[in-house]
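Structure file final.pdb (PDB, C-alpha atoms, pLDDT in the B column) is printed below.
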```
ATOM      1  CA  MET U  15      28.822  88.373 -45.712  1.00 78.00           C
ATOM      2  CA  LYS U  16      28.501  87.663 -49.433  1.00 86.00           C
ATOM      3  CA  ARG U  17      28.528  84.389 -51.292  1.00 90.00           C
ATOM      4  CA  LEU U  18      31.869  83.569 -52.961  1.00 93.00           C
ATOM      5  CA  THR U  19      30.927  80.633 -55.181  1.00 93.00           C
ATOM      6  CA  THR U  20      28.751  80.794 -58.284  1.00 92.00           C
ATOM      7  CA  ASN U  21      28.343  78.937 -61.561  1.00 91.00           C
ATOM      8  CA  THR U  22      27.469  82.190 -63.331  1.00 91.00           C
ATOM      9  CA  PRO U  23      30.139  84.791 -62.464  1.00 91.00           C
ATOM     10  CA  MET U  24      28.984  88.338 -63.229  1.00 91.00           C
ATOM     11  CA  ASP U  25      32.195  90.349 -62.752  1.00 94.00           C
ATOM     12  CA  ASN U  26      35.984  89.969 -62.661  1.00 94.00           C
ATOM     13  CA  PHE U  27      36.087  89.210 -58.939  1.00 94.00           C
ATOM     14  CA  GLN U  28      33.459  86.450 -59.171  1.00 93.00           C
ATOM     15  CA  THR U  29      35.194  85.065 -62.264  1.00 93.00           C
ATOM     16  CA  MET U  30      38.536  84.961 -60.453  1.00 94.00           C
ATOM     17  CA  LEU U  31      37.049  83.090 -57.475  1.00 94.00           C
ATOM     18  CA  ASN U  32      35.231  80.638 -59.755  1.00 95.00           C
ATOM     19  CA  TYR U  33      37.671  80.316 -62.653  1.00 95.00           C
ATOM     20  CA  VAL U  34      38.028  76.595 -62.041  1.00 96.00           C
ATOM     21  CA  HIS U  35      35.222  74.271 -61.044  1.00 95.00           C
ATOM     22  CA  GLY U  36      34.404  70.601 -60.682  1.00 94.00           C
ATOM     23  CA  LYS U  37      32.078  68.638 -62.931  1.00 92.00           C
ATOM     24  CA  ASP U  38      31.552  64.863 -63.088  1.00 89.00           C
ATOM     25  CA  GLY U  39      34.538  64.311 -60.789  1.00 89.00           C
ATOM     26  CA  TRP U  40      36.972  66.322 -62.940  1.00 94.00           C
ATOM     27  CA  ALA U  41      38.410  69.822 -62.774  1.00 95.00           C
ATOM     28  CA  TYR U  42      37.524  72.344 -65.493  1.00 96.00           C
ATOM     29  CA  ILE U  43      38.875  75.766 -66.447  1.00 96.00           C
ATOM     30  CA  ARG U  44      36.128  78.270 -67.252  1.00 94.00           C
ATOM     31  CA  HIS U  45      38.048  79.635 -70.275  1.00 92.00           C
ATOM     32  CA  ASP U  46      41.561  79.021 -71.598  1.00 90.00           C
ATOM     33  CA  GLY U  47      41.704  81.995 -73.972  1.00 89.00           C
ATOM     34  CA  GLU U  48      40.146  80.069 -76.847  1.00 92.00           C
ATOM     35  CA  ASN U  49      37.542  77.670 -75.486  1.00 94.00           C
ATOM     36  CA  GLU U  50      35.058  77.594 -72.606  1.00 94.00           C
ATOM     37  CA  ASP U  51      34.736  74.847 -69.992  1.00 95.00           C
ATOM     38  CA  VAL U  52      38.084  73.189 -70.755  1.00 96.00           C
ATOM     39  CA  PRO U  53      38.948  69.992 -68.859  1.00 96.00           C
ATOM     40  CA  LEU U  54      42.051  70.583 -66.746  1.00 96.00           C
ATOM     41  CA  THR U  55      43.582  67.367 -68.071  1.00 95.00           C
ATOM     42  CA  GLN U  56      43.192  68.605 -71.665  1.00 95.00           C
ATOM     43  CA  TRP U  57      44.744  71.983 -70.747  1.00 96.00           C
ATOM     44  CA  ALA U  58      47.667  70.334 -68.910  1.00 94.00           C
ATOM     45  CA  LYS U  59      48.431  68.019 -71.830  1.00 93.00           C
ATOM     46  CA  ALA U  60      48.354  70.926 -74.301  1.00 93.00           C
ATOM     47  CA  GLN U  61      50.692  72.966 -72.083  1.00 93.00           C
ATOM     48  CA  CYS U  62      53.131  70.072 -71.700  1.00 92.00           C
ATOM     49  CA  LEU U  63      53.250  69.480 -75.443  1.00 91.00           C
ATOM     50  CA  ALA U  64      53.562  73.228 -76.181  1.00 92.00           C
ATOM     51  CA  ARG U  65      56.587  73.369 -73.865  1.00 89.00           C
ATOM     52  CA  GLY U  66      58.324  70.481 -75.618  1.00 86.00           C
ATOM     53  CA  CYS U  67      57.612  67.636 -73.240  1.00 84.00           C
ATOM     54  CA  ASP U  68      57.897  64.974 -75.961  1.00 72.00           C
ATOM     55  CA  GLU U  69      57.703  62.159 -73.424  1.00 76.00           C
ATOM     56  CA  PHE U  70      54.088  63.047 -72.689  1.00 81.00           C
ATOM     57  CA  THR U  71      52.104  60.219 -74.311  1.00 87.00           C
ATOM     58  CA  ALA U  72      49.076  60.005 -72.024  1.00 89.00           C
ATOM     59  CA  GLU U  73      45.731  60.113 -73.855  1.00 91.00           C
ATOM     60  CA  THR U  74      42.775  59.532 -71.529  1.00 93.00           C
ATOM     61  CA  PRO U  75      41.921  61.928 -68.668  1.00 93.00           C
ATOM     62  CA  GLU U  76      42.921  59.207 -66.182  1.00 94.00           C
ATOM     63  CA  GLU U  77      46.307  58.677 -67.884  1.00 93.00           C
ATOM     64  CA  ILE U  78      46.926  62.432 -68.092  1.00 93.00           C
ATOM     65  CA  ASP U  79      46.047  62.899 -64.431  1.00 92.00           C
ATOM     66  CA  GLU U  80      48.413  60.098 -63.446  1.00 92.00           C
ATOM     67  CA  ALA U  81      51.222  61.441 -65.664  1.00 90.00           C
ATOM     68  CA  VAL U  82      50.960  65.015 -64.370  1.00 91.00           C
ATOM     69  CA  CYS U  83      50.806  63.833 -60.747  1.00 89.00           C
ATOM     70  CA  ALA U  84      53.882  61.656 -61.360  1.00 88.00           C
ATOM     71  CA  CYS U  85      55.604  64.688 -62.872  1.00 88.00           C
ATOM     72  CA  MET U  86      54.808  66.620 -59.691  1.00 85.00           C
ATOM     73  CA  MET U  87      56.709  63.998 -57.683  1.00 88.00           C
ATOM     74  CA  ASP U  88      59.635  63.711 -60.134  1.00 87.00           C
ATOM     75  CA  CYS U  89      59.913  67.405 -61.086  1.00 86.00           C
ATOM     76  CA  PRO U  90      58.432  69.497 -58.262  1.00 85.00           C
ATOM     77  CA  ASP U  91      59.441  72.720 -60.027  1.00 89.00           C
ATOM     78  CA  CYS U  92      57.487  71.909 -63.223  1.00 91.00           C
ATOM     79  CA  PRO U  93      55.130  74.887 -63.701  1.00 93.00           C
ATOM     80  CA  ILE U  94      52.439  72.754 -65.384  1.00 93.00           C
ATOM     81  CA  ALA U  95      52.432  70.187 -62.582  1.00 92.00           C
ATOM     82  CA  LEU U  96      52.332  73.003 -60.017  1.00 93.00           C
ATOM     83  CA  ALA U  97      49.425  74.715 -61.797  1.00 94.00           C
ATOM     84  CA  TYR U  98      47.640  71.351 -62.022  1.00 94.00           C
ATOM     85  CA  CYS U  99      48.132  70.753 -58.291  1.00 92.00           C
ATOM     86  CA  PHE U 100      46.957  74.267 -57.345  1.00 94.00           C
ATOM     87  CA  THR U 101      43.932  73.957 -59.632  1.00 95.00           C
ATOM     88  CA  CYS U 102      42.895  70.604 -58.157  1.00 94.00           C
ATOM     89  CA  GLN U 103      43.212  72.105 -54.678  1.00 94.00           C
ATOM     90  CA  ALA U 104      41.120  75.131 -55.677  1.00 95.00           C
ATOM     91  CA  VAL U 105      38.415  72.942 -57.231  1.00 95.00           C
ATOM     92  CA  HIS U 106      38.101  70.749 -54.141  1.00 93.00           C
ATOM     93  CA  LEU U 107      37.959  73.743 -51.811  1.00 95.00           C
ATOM     94  CA  ARG U 108      35.484  75.594 -54.063  1.00 96.00           C
ATOM     95  CA  ASP U 109      33.180  72.585 -54.292  1.00 93.00           C
ATOM     96  CA  ARG U 110      33.263  72.096 -50.517  1.00 92.00           C
ATOM     97  CA  LEU U 111      32.613  75.805 -49.908  1.00 95.00           C
ATOM     98  CA  MET U 112      29.787  75.806 -52.463  1.00 94.00           C
ATOM     99  CA  ALA U 113      28.029  72.985 -50.587  1.00 93.00           C
ATOM    100  CA  TYR U 114      28.018  75.140 -47.448  1.00 92.00           C
ATOM    101  CA  GLU U 115      27.049  78.300 -49.297  1.00 94.00           C
ATOM    102  CA  ASP U 116      24.100  76.518 -50.925  1.00 93.00           C
ATOM    103  CA  ILE U 117      22.738  76.113 -47.388  1.00 92.00           C
ATOM    104  CA  LEU U 118      23.655  79.581 -46.117  1.00 92.00           C
ATOM    105  CA  PHE U 119      22.551  81.737 -49.064  1.00 92.00           C
ATOM    106  CA  SER U 120      19.444  82.028 -51.239  1.00 87.00           C
ATOM    107  CA  GLU U 121      19.582  81.839 -55.046  1.00 79.00           C
ATOM    108  CA  ASP U 122      19.938  85.630 -55.298  1.00 82.00           C
ATOM    109  CA  GLY U 123      22.885  85.607 -52.853  1.00 82.00           C
ATOM    110  CA  ALA U 124      20.998  86.899 -49.818  1.00 88.00           C
ATOM    111  CA  GLU U 125      22.303  85.547 -46.523  1.00 91.00           C
ATOM    112  CA  LEU U 126      19.836  83.077 -44.978  1.00 92.00           C
ATOM    113  CA  ILE U 127      21.814  82.241 -41.845  1.00 91.00           C
ATOM    114  CA  SER U 128      24.251  84.702 -40.290  1.00 89.00           C
ATOM    115  CA  MET U 129      27.644  83.727 -38.905  1.00 88.00           C
ATOM    116  CA  ASP U 130      26.426  84.701 -35.417  1.00 90.00           C
ATOM    117  CA  LYS U 131      23.447  82.340 -35.795  1.00 91.00           C
ATOM    118  CA  LEU U 132      25.758  79.535 -36.957  1.00 89.00           C
ATOM    119  CA  GLN U 133      28.005  80.041 -33.949  1.00 87.00           C
ATOM    120  CA  ASP U 134      24.966  79.950 -31.651  1.00 88.00           C
ATOM    121  CA  LEU U 135      23.772  76.730 -33.321  1.00 88.00           C
ATOM    122  CA  ARG U 136      27.188  75.102 -32.978  1.00 82.00           C
ATOM    123  CA  ALA U 137      27.417  76.078 -29.322  1.00 81.00           C
ATOM    124  CA  GLY U 138      24.111  74.265 -28.750  1.00 83.00           C
ATOM    125  CA  ILE U 139      25.272  71.006 -30.318  1.00 83.00           C
ATOM    126  CA  LYS U 140      26.507  68.538 -27.749  1.00 85.00           C
ATOM    127  CA  ASN U 141      29.698  66.679 -28.483  1.00 90.00           C
ATOM    128  CA  GLU U 142      29.123  63.473 -26.551  1.00 93.00           C
ATOM    129  CA  PRO U 143      31.211  60.394 -27.366  1.00 96.00           C
ATOM    130  CA  LEU U 144      29.746  58.527 -30.323  1.00 96.00           C
ATOM    131  CA  THR U 145      28.053  55.199 -29.772  1.00 95.00           C
ATOM    132  CA  LEU U 146      29.253  52.222 -31.800  1.00 95.00           C
ATOM    133  CA  ASP U 147      26.200  52.519 -34.080  1.00 95.00           C
ATOM    134  CA  GLU U 148      26.772  56.274 -34.586  1.00 95.00           C
ATOM    135  CA  LEU U 149      30.453  55.682 -35.395  1.00 96.00           C
ATOM    136  CA  ARG U 150      29.605  52.996 -37.954  1.00 95.00           C
ATOM    137  CA  GLU U 151      27.290  55.478 -39.718  1.00 94.00           C
ATOM    138  CA  MET U 152      30.169  57.931 -40.219  1.00 93.00           C
ATOM    139  CA  VAL U 153      31.849  56.098 -43.110  1.00 93.00           C
ATOM    140  CA  GLY U 154      33.812  58.532 -45.265  1.00 91.00           C
ATOM    141  CA  GLN U 155      34.105  61.094 -42.475  1.00 93.00           C
ATOM    142  CA  TRP U 156      36.717  62.171 -39.950  1.00 95.00           C
ATOM    143  CA  VAL U 157      36.174  61.816 -36.210  1.00 96.00           C
ATOM    144  CA  TRP U 158      38.195  62.991 -33.228  1.00 96.00           C
ATOM    145  CA  VAL U 159      39.441  60.037 -31.196  1.00 97.00           C
ATOM    146  CA  VAL U 160      40.935  59.711 -27.745  1.00 96.00           C
ATOM    147  CA  VAL U 161      42.855  56.417 -27.669  1.00 94.00           C
ATOM    148  CA  GLN U 162      43.813  54.816 -24.364  1.00 91.00           C
ATOM    149  CA  TYR U 163      47.127  52.959 -24.534  1.00 89.00           C
ATOM    150  CA  GLU U 164      48.682  51.000 -21.666  1.00 88.00           C
ATOM    151  CA  HIS U 165      50.798  53.908 -20.403  1.00 91.00           C
ATOM    152  CA  CYS U 166      49.360  56.973 -22.098  1.00 92.00           C
ATOM    153  CA  GLU U 167      46.441  58.561 -23.892  1.00 93.00           C
ATOM    154  CA  CYS U 168      46.661  60.023 -27.409  1.00 93.00           C
ATOM    155  CA  SER U 169      44.133  62.011 -29.385  1.00 94.00           C
ATOM    156  CA  GLY U 170      43.702  63.225 -32.934  1.00 95.00           C
ATOM    157  CA  TRP U 171      41.702  62.913 -36.117  1.00 96.00           C
ATOM    158  CA  ALA U 172      40.863  59.447 -37.421  1.00 95.00           C
ATOM    159  CA  TYR U 173      39.211  58.499 -40.702  1.00 95.00           C
ATOM    160  CA  VAL U 174      36.285  56.067 -40.866  1.00 95.00           C
ATOM    161  CA  PRO U 175      36.848  54.127 -44.130  1.00 94.00           C
ATOM    162  CA  THR U 176      34.350  51.348 -43.376  1.00 93.00           C
ATOM    163  CA  PRO U 177      31.825  50.532 -40.642  1.00 94.00           C
ATOM    164  CA  ALA U 178      34.324  47.973 -39.304  1.00 94.00           C
ATOM    165  CA  CYS U 179      37.360  50.154 -38.554  1.00 93.00           C
ATOM    166  CA  ILE U 180      38.933  53.570 -38.118  1.00 95.00           C
ATOM    167  CA  ALA U 181      42.302  54.649 -39.501  1.00 94.00           C
ATOM    168  CA  TYR U 182      44.308  56.445 -36.814  1.00 93.00           C
ATOM    169  CA  LEU U 183      47.942  57.407 -37.397  1.00 91.00           C
ATOM    170  CA  ASP U 184      49.509  54.256 -38.892  1.00 87.00           C
ATOM    171  CA  GLN U 185      46.947  51.898 -37.366  1.00 88.00           C
ATOM    172  CA  THR U 186      43.655  50.364 -38.323  1.00 91.00           C
ATOM    173  CA  VAL U 187      41.494  49.971 -35.222  1.00 92.00           C
ATOM    174  CA  SER U 188      38.316  47.904 -35.071  1.00 94.00           C
ATOM    175  CA  THR U 189      35.202  49.953 -34.375  1.00 94.00           C
ATOM    176  CA  ASP U 190      34.227  47.180 -31.915  1.00 94.00           C
ATOM    177  CA  LEU U 191      36.751  48.810 -29.550  1.00 95.00           C
ATOM    178  CA  CYS U 192      34.746  52.058 -29.486  1.00 95.00           C
ATOM    179  CA  GLY U 193      34.044  52.891 -25.849  1.00 94.00           C
ATOM    180  CA  LYS U 194      36.614  50.317 -24.688  1.00 94.00           C
ATOM    181  CA  LYS U 195      40.006  51.275 -26.134  1.00 94.00           C
ATOM    182  CA  PHE U 196      39.000  54.615 -27.632  1.00 96.00           C
ATOM    183  CA  LYS U 197      36.269  57.241 -27.632  1.00 96.00           C
ATOM    184  CA  ALA U 198      35.204  58.947 -30.853  1.00 97.00           C
ATOM    185  CA  TYR U 199      33.652  62.408 -31.219  1.00 96.00           C
ATOM    186  CA  ARG U 200      32.111  64.327 -34.116  1.00 92.00           C
ATOM    187  CA  ARG U 201      34.539  67.173 -33.436  1.00 91.00           C
ATOM    188  CA  LYS U 202      37.461  67.887 -31.146  1.00 92.00           C
ATOM    189  CA  PRO U 203      36.167  68.323 -27.591  1.00 89.00           C
ATOM    190  CA  GLU U 204      36.483  71.832 -26.165  1.00 79.00           C
ATOM    191  CA  GLY U 205      39.749  72.325 -24.304  1.00 69.00           C
ATOM    192  CA  GLU U 206      41.408  69.358 -26.020  1.00 61.00           C
ATOM    193  CA  SER U 207      44.951  70.088 -27.229  1.00 60.00           C
ATOM    194  CA  SER U 208      46.538  68.979 -30.559  1.00 52.00           C
TER     195      SER U 208
END
```
Represent the structure from my file as structure tokens, please.
Amino acid sequence: MKRLTTNTPMDNFQTMLNYVHGKDGWAYIRHDGENEDVPLTQWAKAQCLARGCDEFTAETPEEIDEAVCACMMDCPDCPIALAYCFTCQAVHLRDRLMAYEDILFSEDGAELISMDKLQDLRAGIKNEPLTLDELREMVGQWVWVVVQYEHCECSGWAYVPTPACIAYLDQTVSTDLCGKKFKAYRRKPEGESS
């Protein structure tokens, strides 16, 4: 397997896979035909103005981001808003993939850990229910929960926004109920449906 992410693309294929990237919390386009490393917000504003969107008055990156995202909701067929949405998605996925690839590959792109080895490692990791202390250390992460209600049991992914609670479906549940009303796991237990 070869690495897909790079900050220094060497050919057309690498350039295509890395044409957009994240920097300082913002999305950038590697080249827009005239300039290198163009902020996506700057590109989107220029495209909107070039296509006659006279109502576009946003100036700062934050204002532009908000305006284009609002446009996506109001005009879902707007090609600039669609491109903006797709680019943001690509940047987030690329950055996440790059974090994994930085572990799996050396600087020269050589594979350090094979997929078979990763699968063996994962198989060896136990997926016991989390303790209350372990759950509270998972702020900003998703956990698999099995919630016991009076007449049924439900399971699914829950987000841990703070050490004090989890967000599951439309509920906020106190982490103090871990082990009492619900069990939380690092990943979905084997054989679990949903």
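CA of Gln155 in chain U is positioned 27.2 Å from CA of Leu54 in chain U.
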Expansion of the PyMOL selection byres ((chain U and resi 185-198) around 6) into residues, as a PyMOL selection string: chain U and resi 143-144+146+158-162+178-184+199
Counting all atoms listed in the file, the option among U:Arg136, U:Arg17, U:His106, U:Lys37 closest to Arg201 in chain U: U:Arg136
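Rounded to one decimal, CA of Ile94 in chain U and CA of Thr19 in chain U lie 25.1 Å from each other.
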Polymer residues at most 9 Å from range 64-76 of chain U, all atoms listed in the file, same-chain spacing of 5 or more positions, as JSON, numbers by chain: {"U": [40, 53, 54, 55, 56, 59, 81]}
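What the PyMOL selection byres ((chain U and resi 43) around 9) grabs from this file is Tyr33, Val34, His35, Gly36, Ala41, Tyr42, Arg44, His45, Asp46, Glu50, Asp51, Val52, Pro53, Leu54, Trp57 and Thr101 of chain U.
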Go through the shown structure with the PyMOL selection byres ((chain U and resi 98) around 9) and write out the matching residues as a compact mmCIF listing (two decimals) with C-alpha atoms, in the frame of the given file.
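Saved result, out_31.txt, follows:
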```txt
# COMPACT_ATOMS: atom_id res chain seq x y z
CA LEU U 54 42.05 70.58 -66.75
CA THR U 55 43.58 67.37 -68.07
CA ALA U 58 47.67 70.33 -68.91
CA ASP U 79 46.05 62.90 -64.43
CA VAL U 82 50.96 65.02 -64.37
CA CYS U 83 50.81 63.83 -60.75
CA MET U 86 54.81 66.62 -59.69
CA PRO U 93 55.13 74.89 -63.70
CA ILE U 94 52.44 72.75 -65.38
CA ALA U 95 52.43 70.19 -62.58
CA LEU U 96 52.33 73.00 -60.02
CA ALA U 97 49.42 74.72 -61.80
CA CYS U 99 48.13 70.75 -58.29
CA PHE U 100 46.96 74.27 -57.34
CA THR U 101 43.93 73.96 -59.63
CA CYS U 102 42.90 70.60 -58.16
CA GLN U 103 43.21 72.10 -54.68
```
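Within 9 Å of the point (29.9, 66.0, -25.0) in file coordinates, and counting only C-alpha atoms, lie the residues Ile139, Lys140, Asn141, Glu142, Pro143, Tyr199, Pro203 and Glu204 of chain U.
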Two-atom distance - CA of Gly170 in chain U, CA of Asp130 in chain U (Å): 27.7 Å
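Checking U:Glu48, U:Val174, U:Glu80, U:Cys168 one by one against Trp156 in chain U, counting only C-alpha atoms, you find the shortest gap at U:Val174.
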